[in-house]
$ cat work.txt   # compact mmCIF, C-alpha atoms and all ligand atoms
# COMPACT_ATOMS: atom_id res chain seq x y z
CA MET A 237 69.64 129.86 102.74
CA SER A 238 70.98 133.01 101.13
CA GLU A 239 70.34 133.97 97.51
CA SER A 240 73.97 134.50 96.60
CA SER A 241 76.93 132.21 97.01
CA GLU A 242 79.33 135.18 96.75
CA ALA A 243 80.12 135.58 100.45
CA MET A 244 80.00 131.84 100.98
CA ALA A 245 83.19 129.85 101.24
CA LEU A 246 81.28 126.61 100.77
CA ARG A 247 77.70 125.64 100.17
CA ALA A 248 76.16 122.18 99.79
CA ILE A 249 72.72 121.68 98.30
CA GLY A 250 70.81 118.40 98.41
CA LEU A 251 73.81 116.17 99.06
CA SER A 252 72.83 112.52 99.40
CA LYS A 253 74.92 109.40 99.73
CA SER A 254 74.11 105.75 100.23
CA PHE A 255 76.32 102.70 100.36
CA SER A 256 75.56 99.23 99.02
CA ILE A 257 75.86 96.72 101.80
CA ILE A 258 76.20 92.97 101.91
CA GLY A 259 72.95 91.27 100.92
CA GLY A 260 72.25 93.81 98.19
CA SER A 261 70.50 96.37 100.36
CA LYS A 262 71.30 100.06 100.58
CA LEU A 263 72.39 102.12 103.57
CA ASP A 264 71.18 105.70 103.24
CA VAL A 265 73.77 107.75 105.11
CA LEU A 266 73.15 111.32 103.91
CA GLU A 267 69.71 112.36 102.68
CA GLY A 268 69.65 115.85 101.25
CA ILE A 269 72.25 117.77 103.26
CA GLU A 270 71.95 121.56 103.12
CA MET A 271 74.98 123.37 104.44
CA GLU A 272 76.39 126.87 104.28
CA LEU A 273 79.73 128.08 105.49
CA LYS A 274 80.42 131.79 105.27
CA GLU A 275 83.85 133.14 104.43
CA ALA A 276 86.12 133.38 107.48
CA SER A 277 83.63 131.60 109.72
CA SER A 278 83.47 128.31 111.59
CA LEU A 279 80.88 125.56 111.84
CA SER A 280 80.92 122.55 114.13
CA ILE A 281 79.24 119.27 113.26
CA ARG A 282 78.32 116.83 116.00
CA GLY A 283 76.55 113.52 115.58
CA GLU A 284 76.59 109.97 116.85
CA SER A 285 79.21 107.57 115.65
CA GLY A 286 78.09 106.22 112.27
CA SER A 287 75.82 109.20 111.57
CA GLY A 288 77.80 110.09 108.43
CA LYS A 289 80.13 112.91 109.52
CA THR A 290 83.23 111.50 107.81
CA THR A 291 81.18 110.64 104.73
CA LEU A 292 79.98 114.26 104.58
CA LEU A 293 83.52 115.66 104.85
CA ASN A 294 84.67 113.24 102.12
CA LEU A 295 81.94 114.54 99.81
CA LEU A 296 82.74 118.18 100.63
CA ALA A 297 86.44 117.54 99.98
CA ARG A 298 85.56 115.78 96.70
CA LEU A 299 87.35 112.65 97.78
CA GLU A 300 84.34 110.64 96.63
CA PRO A 301 81.19 111.34 94.61
CA ALA A 302 77.74 111.88 96.13
CA ASP A 303 74.64 110.17 94.71
CA CYS A 304 73.24 113.62 94.01
CA GLY A 305 73.68 117.22 95.04
CA THR A 306 75.62 120.37 94.23
CA LEU A 307 78.60 122.03 95.85
CA HIS A 308 79.57 125.66 95.57
CA TRP A 309 83.20 126.13 96.48
CA GLY A 310 83.36 129.92 96.47
CA GLY A 311 82.35 130.78 92.91
CA LYS A 312 82.95 127.27 91.56
CA LYS A 313 79.85 125.13 91.08
CA ILE A 314 80.42 121.39 91.19
CA ASN A 315 78.05 118.57 90.41
CA ALA A 316 78.79 116.46 93.50
CA SER A 317 77.65 113.23 91.83
CA GLU A 318 80.41 113.41 89.22
CA ASN A 319 83.47 111.34 89.93
CA PRO A 320 86.26 113.63 91.14
CA HIS A 321 88.63 113.81 88.16
CA SER A 322 92.39 113.97 88.31
CA LYS A 323 92.50 117.73 87.57
CA GLU A 324 90.52 118.29 90.73
CA ALA A 325 93.40 116.98 92.82
CA THR A 326 95.41 120.11 92.02
CA TRP A 327 92.41 122.34 92.64
CA ARG A 328 91.76 120.53 95.94
CA ALA A 329 95.34 120.99 97.08
CA LYS A 330 94.98 124.72 96.47
CA HIS A 331 91.59 125.32 98.08
CA ILE A 332 90.94 122.79 100.81
CA GLY A 333 92.96 121.85 103.86
CA VAL A 334 92.06 118.62 105.63
CA VAL A 335 92.94 117.59 109.18
CA TYR A 336 92.28 113.99 110.22
CA GLN A 337 91.98 112.32 113.60
CA SER A 338 95.03 110.12 112.87
CA TYR A 339 97.19 112.95 111.47
CA TYR A 340 98.20 111.07 108.27
CA LEU A 341 101.65 112.58 108.07
CA ILE A 342 103.96 110.84 105.62
CA PRO A 343 106.37 108.88 107.86
CA GLU A 344 109.40 109.06 105.55
CA LEU A 345 109.27 112.83 105.17
CA THR A 346 110.45 115.46 107.63
CA VAL A 347 107.99 117.79 109.34
CA MET A 348 108.91 120.58 106.91
CA GLU A 349 108.51 118.31 103.86
CA ASN A 350 105.12 117.20 105.15
CA VAL A 351 103.98 120.79 105.60
CA LEU A 352 105.09 121.67 102.05
CA MET A 353 103.35 118.65 100.47
CA SER A 354 100.36 120.54 99.05
CA ILE A 355 102.71 123.18 97.62
CA ARG A 356 104.53 120.41 95.78
CA LEU A 357 101.21 118.93 94.58
CA SER A 358 99.99 122.34 93.38
CA LYS A 359 103.28 122.80 91.51
CA LEU A 360 103.98 126.04 93.39
CA SER A 361 107.50 127.08 94.30
CA LEU A 362 108.70 125.36 97.50
CA LYS A 363 111.12 128.24 98.00
CA ASP A 364 108.31 130.81 97.98
CA TYR A 365 106.44 128.94 100.70
CA SER A 366 109.22 127.82 103.01
CA ASP A 367 109.07 130.98 105.17
CA ARG A 368 105.32 130.62 105.46
CA ALA A 369 105.70 126.94 106.42
CA LEU A 370 108.19 127.87 109.14
CA GLY A 371 105.92 130.69 110.32
CA LEU A 372 102.99 128.29 110.68
CA LEU A 373 105.15 125.76 112.53
CA GLU A 374 106.20 128.62 114.79
CA GLN A 375 102.57 129.57 115.47
CA MET A 376 101.87 125.90 116.21
CA GLY A 377 104.81 125.80 118.62
CA VAL A 378 106.70 123.06 116.77
CA VAL A 379 109.17 124.98 114.63
CA ASP A 380 112.06 123.29 116.48
CA LYS A 381 110.82 119.96 115.06
CA SER A 382 110.97 121.01 111.41
CA ARG A 383 113.80 118.60 110.51
CA GLN A 384 112.44 115.65 112.49
CA ILE A 385 110.42 112.78 111.08
CA PRO A 386 106.90 112.29 112.49
CA ALA A 387 107.86 109.16 114.48
CA LYS A 388 109.92 111.39 116.79
CA LEU A 389 106.90 113.56 117.67
CA SER A 390 104.10 113.15 120.21
CA GLY A 391 100.48 112.90 119.06
CA GLY A 392 99.80 116.52 119.92
CA GLU A 393 102.90 117.65 118.04
CA ARG A 394 101.92 115.58 114.99
CA GLN A 395 98.50 117.19 114.91
CA ARG A 396 100.07 120.65 115.18
CA VAL A 397 102.18 119.77 112.14
CA ALA A 398 99.09 118.47 110.32
CA ILE A 399 97.32 121.78 110.99
CA ALA A 400 100.30 123.75 109.62
CA ARG A 401 100.25 121.46 106.57
CA ALA A 402 96.53 122.09 106.06
CA LEU A 403 96.98 125.88 106.21
CA VAL A 404 100.17 126.36 104.19
CA ASN A 405 98.39 126.87 100.85
CA ARG A 406 96.09 129.55 102.30
CA PRO A 407 93.02 127.41 101.63
CA LYS A 408 89.58 128.98 101.83
CA VAL A 409 88.38 126.15 104.05
CA ILE A 410 89.77 123.64 106.51
CA LEU A 411 87.82 120.42 106.97
CA ALA A 412 88.76 118.84 110.30
CA ASP A 413 87.47 115.36 111.19
CA GLU A 414 87.65 114.85 114.97
CA PRO A 415 91.12 116.44 115.07
CA THR A 416 91.48 115.92 118.83
CA GLY A 417 89.97 112.43 118.88
CA ASN A 418 93.33 110.72 119.53
CA LEU A 419 94.61 113.25 122.07
CA ASP A 420 94.23 113.46 125.84
CA GLU A 421 91.97 116.17 127.21
CA ARG A 422 94.60 118.79 127.91
CA THR A 423 96.54 118.29 124.67
CA GLY A 424 93.26 118.20 122.76
CA ALA A 425 92.23 121.56 124.22
CA GLU A 426 95.61 123.10 123.34
CA VAL A 427 95.48 121.80 119.77
CA MET A 428 91.87 122.95 119.36
CA ASN A 429 92.73 126.47 120.54
CA LEU A 430 95.59 126.63 118.06
CA LEU A 431 93.37 125.38 115.24
CA LEU A 432 90.59 127.89 116.01
CA ASN A 433 92.98 130.82 116.49
CA CYS A 434 95.04 130.05 113.43
CA CYS A 435 91.95 129.71 111.18
CA SER A 436 90.64 132.98 112.58
CA ASN A 437 93.98 134.80 112.04
CA GLU A 438 94.25 133.45 108.53
CA LYS A 439 90.56 134.17 107.75
CA THR A 440 90.19 130.53 106.78
CA SER A 441 86.76 128.99 107.29
CA LEU A 442 86.58 125.85 109.39
CA VAL A 443 84.27 122.84 109.36
CA LEU A 444 84.93 121.05 112.61
CA VAL A 445 83.62 117.56 113.32
CA THR A 446 83.87 117.00 117.05
CA HIS A 447 82.33 115.01 119.88
CA ASN A 448 83.37 117.56 122.46
CA PRO A 449 80.45 119.91 123.29
CA ASN A 450 82.84 122.63 124.53
CA PHE A 451 84.71 122.66 121.22
CA ALA A 452 81.40 122.65 119.35
CA LYS A 453 80.41 125.80 121.28
CA ALA A 454 83.67 127.53 120.32
CA THR A 455 82.70 127.73 116.64
CA GLN A 456 80.51 130.54 115.30
CA GLU A 457 77.80 128.12 114.19
CA SER A 458 76.91 124.64 115.38
CA SER A 459 75.08 121.77 113.77
CA VAL A 460 74.14 118.16 114.36
CA LEU A 461 74.01 115.39 111.78
CA LYS A 462 71.05 113.12 112.45
CA ASP A 463 68.97 110.78 110.28
CA GLY A 464 70.94 111.84 107.21
CA LYS A 465 70.22 115.56 107.65
CA LEU A 466 72.16 118.48 109.04
CA PHE A 467 70.36 120.57 111.65
CA TYR A 468 71.77 123.95 112.64
CA THR A 469 71.42 124.32 116.41
N1 LIG B 1 82.69 102.79 101.96
C1 LIG B 1 81.65 102.40 102.73
N2 LIG B 1 80.94 101.30 102.41
C2 LIG B 1 79.87 100.92 103.15
N3 LIG B 1 79.45 101.59 104.24
C3 LIG B 1 80.12 102.69 104.62
C4 LIG B 1 81.27 103.16 103.88
N4 LIG B 1 81.73 104.28 104.49
C5 LIG B 1 80.93 104.50 105.55
N5 LIG B 1 79.98 103.54 105.63
C6 LIG B 1 78.90 103.48 106.61
O1 LIG B 1 78.23 104.73 106.61
C7 LIG B 1 77.85 105.11 107.93
C8 LIG B 1 78.45 106.47 108.25
O2 LIG B 1 79.86 106.33 108.39
P1 LIG B 1 80.79 107.56 108.77
O3 LIG B 1 80.56 108.64 107.78
O4 LIG B 1 82.17 107.05 108.90
O5 LIG B 1 80.19 108.00 110.18
P2 LIG B 1 80.80 108.92 111.33
O6 LIG B 1 82.02 109.60 110.78
O7 LIG B 1 79.71 109.87 111.69
O8 LIG B 1 81.13 108.01 112.47
C9 LIG B 1 78.31 104.00 108.84
O9 LIG B 1 77.24 103.12 109.07
C10 LIG B 1 79.41 103.32 108.04
O10 LIG B 1 79.52 101.96 108.39
MG MG B 2 84.00 109.64 111.39
$ encode --input "work.txt" --output "structure tokens" --more "lines below"
Ligand SMILES: Nc1ncnc2c1ncn2[C@@H]1O[C@H](COP(=O)(O)OP(=O)(O)O)[C@@H](O)[C@H]1O
Ligand SMILES: [Mg+2]
Amino acid sequence: MSESSEAMALRAIGLSKSFSIIGGSKLDVLEGIEMELKEASSLSIRGESGSGKTTLLNLLARLEPADCGTLHWGGKKINASENPHSKEATWRAKHIGVVYQSYYLIPELTVMENVLMSIRLSKLSLKDYSDRALGLLEQMGVVDKSRQIPAKLSGGERQRVAIARALVNRPKVILADEPTGNLDERTGAEVMNLLLNCCSNEKTSLVLVTHNPNFAKATQESSVLKDGKLFYT
């Protein structure tokens, strides 16, 4: 672990999380996670189903509190066990992009409106970002779909839109949770290449949860989540 968090996009120290389960017992999912993600770098996380990968991303994204631990998001130090407060939602929209396995596009909104969602949430000017949104859709190869609603798009196209949405705010970090998990092999490989290239072009760091060993090798650093701990491999 480095002394300074200056060149780090994200650092987690001693993150632990357990869940109460039926019968009153406790399921210890994460037990003192130590993680570092340098600026403009990429890290893959593998691990068996149920090992806690999604839980870890949720803690990093401040979608739920940890039992204990600290996060450094760039220069900002966060007590991870505090409940995320409402002000953090705006901060989150500005600094973190999230890509999910099931895309989570808003069905009633057009592709373009979906991509501009975090701009709206961060109270930035939609007009200032519309060229950037179109540029990202272009890079993702789906600019011709900008006025469509998600139901008209294939799975691969929806995930391309979700990646453009995650990047539009120029976040420091993208957290991607099995982003190709719902796609066939060829589409998955295309989408993964776009995600890796786009993050690299934009100098956005990437945390990539994936089951695919080839994708895990494509990131600068690799890790495995096992027995509640993260091992760099
Ligand atoms: N809200 C919750 N309440 C109780 N148990 C949970 C909750 N969320 C996750 N779990 C449990 O924590 C473990 C890790 O889940 P998860 O982080 O989704 O794993 P992964 O993403 O690696 O498949 C699983 O055993 C899961 O059932
Ligand atoms: Mg998961």
$ residues_around --input "work.txt" --residues "stretch 305-319 of chain A" --least-positions-apart "4" --cutoff "7 Å" --atoms "only C-alpha atoms" --output "ChimeraX atom specification"
/A:241-242,244-252,300-301
$ atom_distance --input "work.txt" --atom1 "atom N3 of ligand LIG 1 (chain B)" --atom2 "atom CA of A:Asp303"
13.7 Å
$ residues_near_ligand --input "work.txt" --ligand "ligand LIG 1 (chain B)" --cutoff "6 Å" --atoms "all atoms listed in the file" --output "PDB file with C-alpha atoms, in the coordinates of the input"
ATOM      1  CA  PHE A 255      76.320 102.700 100.360  1.00  0.00           C
ATOM      2  CA  ILE A 257      75.860  96.720 101.800  1.00  0.00           C
ATOM      3  CA  VAL A 265      73.770 107.750 105.110  1.00  0.00           C
ATOM      4  CA  SER A 285      79.210 107.570 115.650  1.00  0.00           C
ATOM      5  CA  GLY A 286      78.090 106.220 112.270  1.00  0.00           C
ATOM      6  CA  SER A 287      75.820 109.200 111.570  1.00  0.00           C
ATOM      7  CA  GLY A 288      77.800 110.090 108.430  1.00  0.00           C
ATOM      8  CA  LYS A 289      80.130 112.910 109.520  1.00  0.00           C
ATOM      9  CA  THR A 290      83.230 111.500 107.810  1.00  0.00           C
ATOM     10  CA  THR A 291      81.180 110.640 104.730  1.00  0.00           C
TER      11      THR A 291
END
$ axis_aligned_box --input "work.txt" --around "stretch 316-332 of chain A" --padding-each-side "6 Å" --output "lines of an AutoDock Vina configuration file"
center_x = 86.5
center_y = 118.3
center_z = 94.2
size_x = 29.8
size_y = 26.0
size_z = 25.2
$ closest_residue --input "work.txt" --among "A:Lys465, A:Lys253, A:His447, A:His331" --to "ligand MG 2 (chain B)" --atoms "all atoms listed in the file"
A:His447
$ residues_near_ligand --input "work.txt" --ligand "ligand MG 2 (chain B)" --cutoff "12 Å" --atoms "all atoms listed in the file" --output "list in words"
Ile281, Arg282, Gly283, Glu284, Ser285, Gly286, Ser287, Gly288, Lys289, Thr290, Thr291, Leu292, Leu293, Asn294, Tyr336, Gln337, Ser338, Ala412, Asp413, Glu414, Pro415, Gly417, Leu444, Val445, Thr446, His447 and Leu461 of chain A
$ atom_distance --input "work.txt" --atom1 "atom CA of A:Asp380" --atom2 "atom CA of A:Glu426"
17.8 Å
$ closest_residue --input "work.txt" --among "A:Val347, A:Leu419, A:Leu296, A:Val443" --to "A:Lys274" --atoms "all atoms listed in the file"
A:Val443
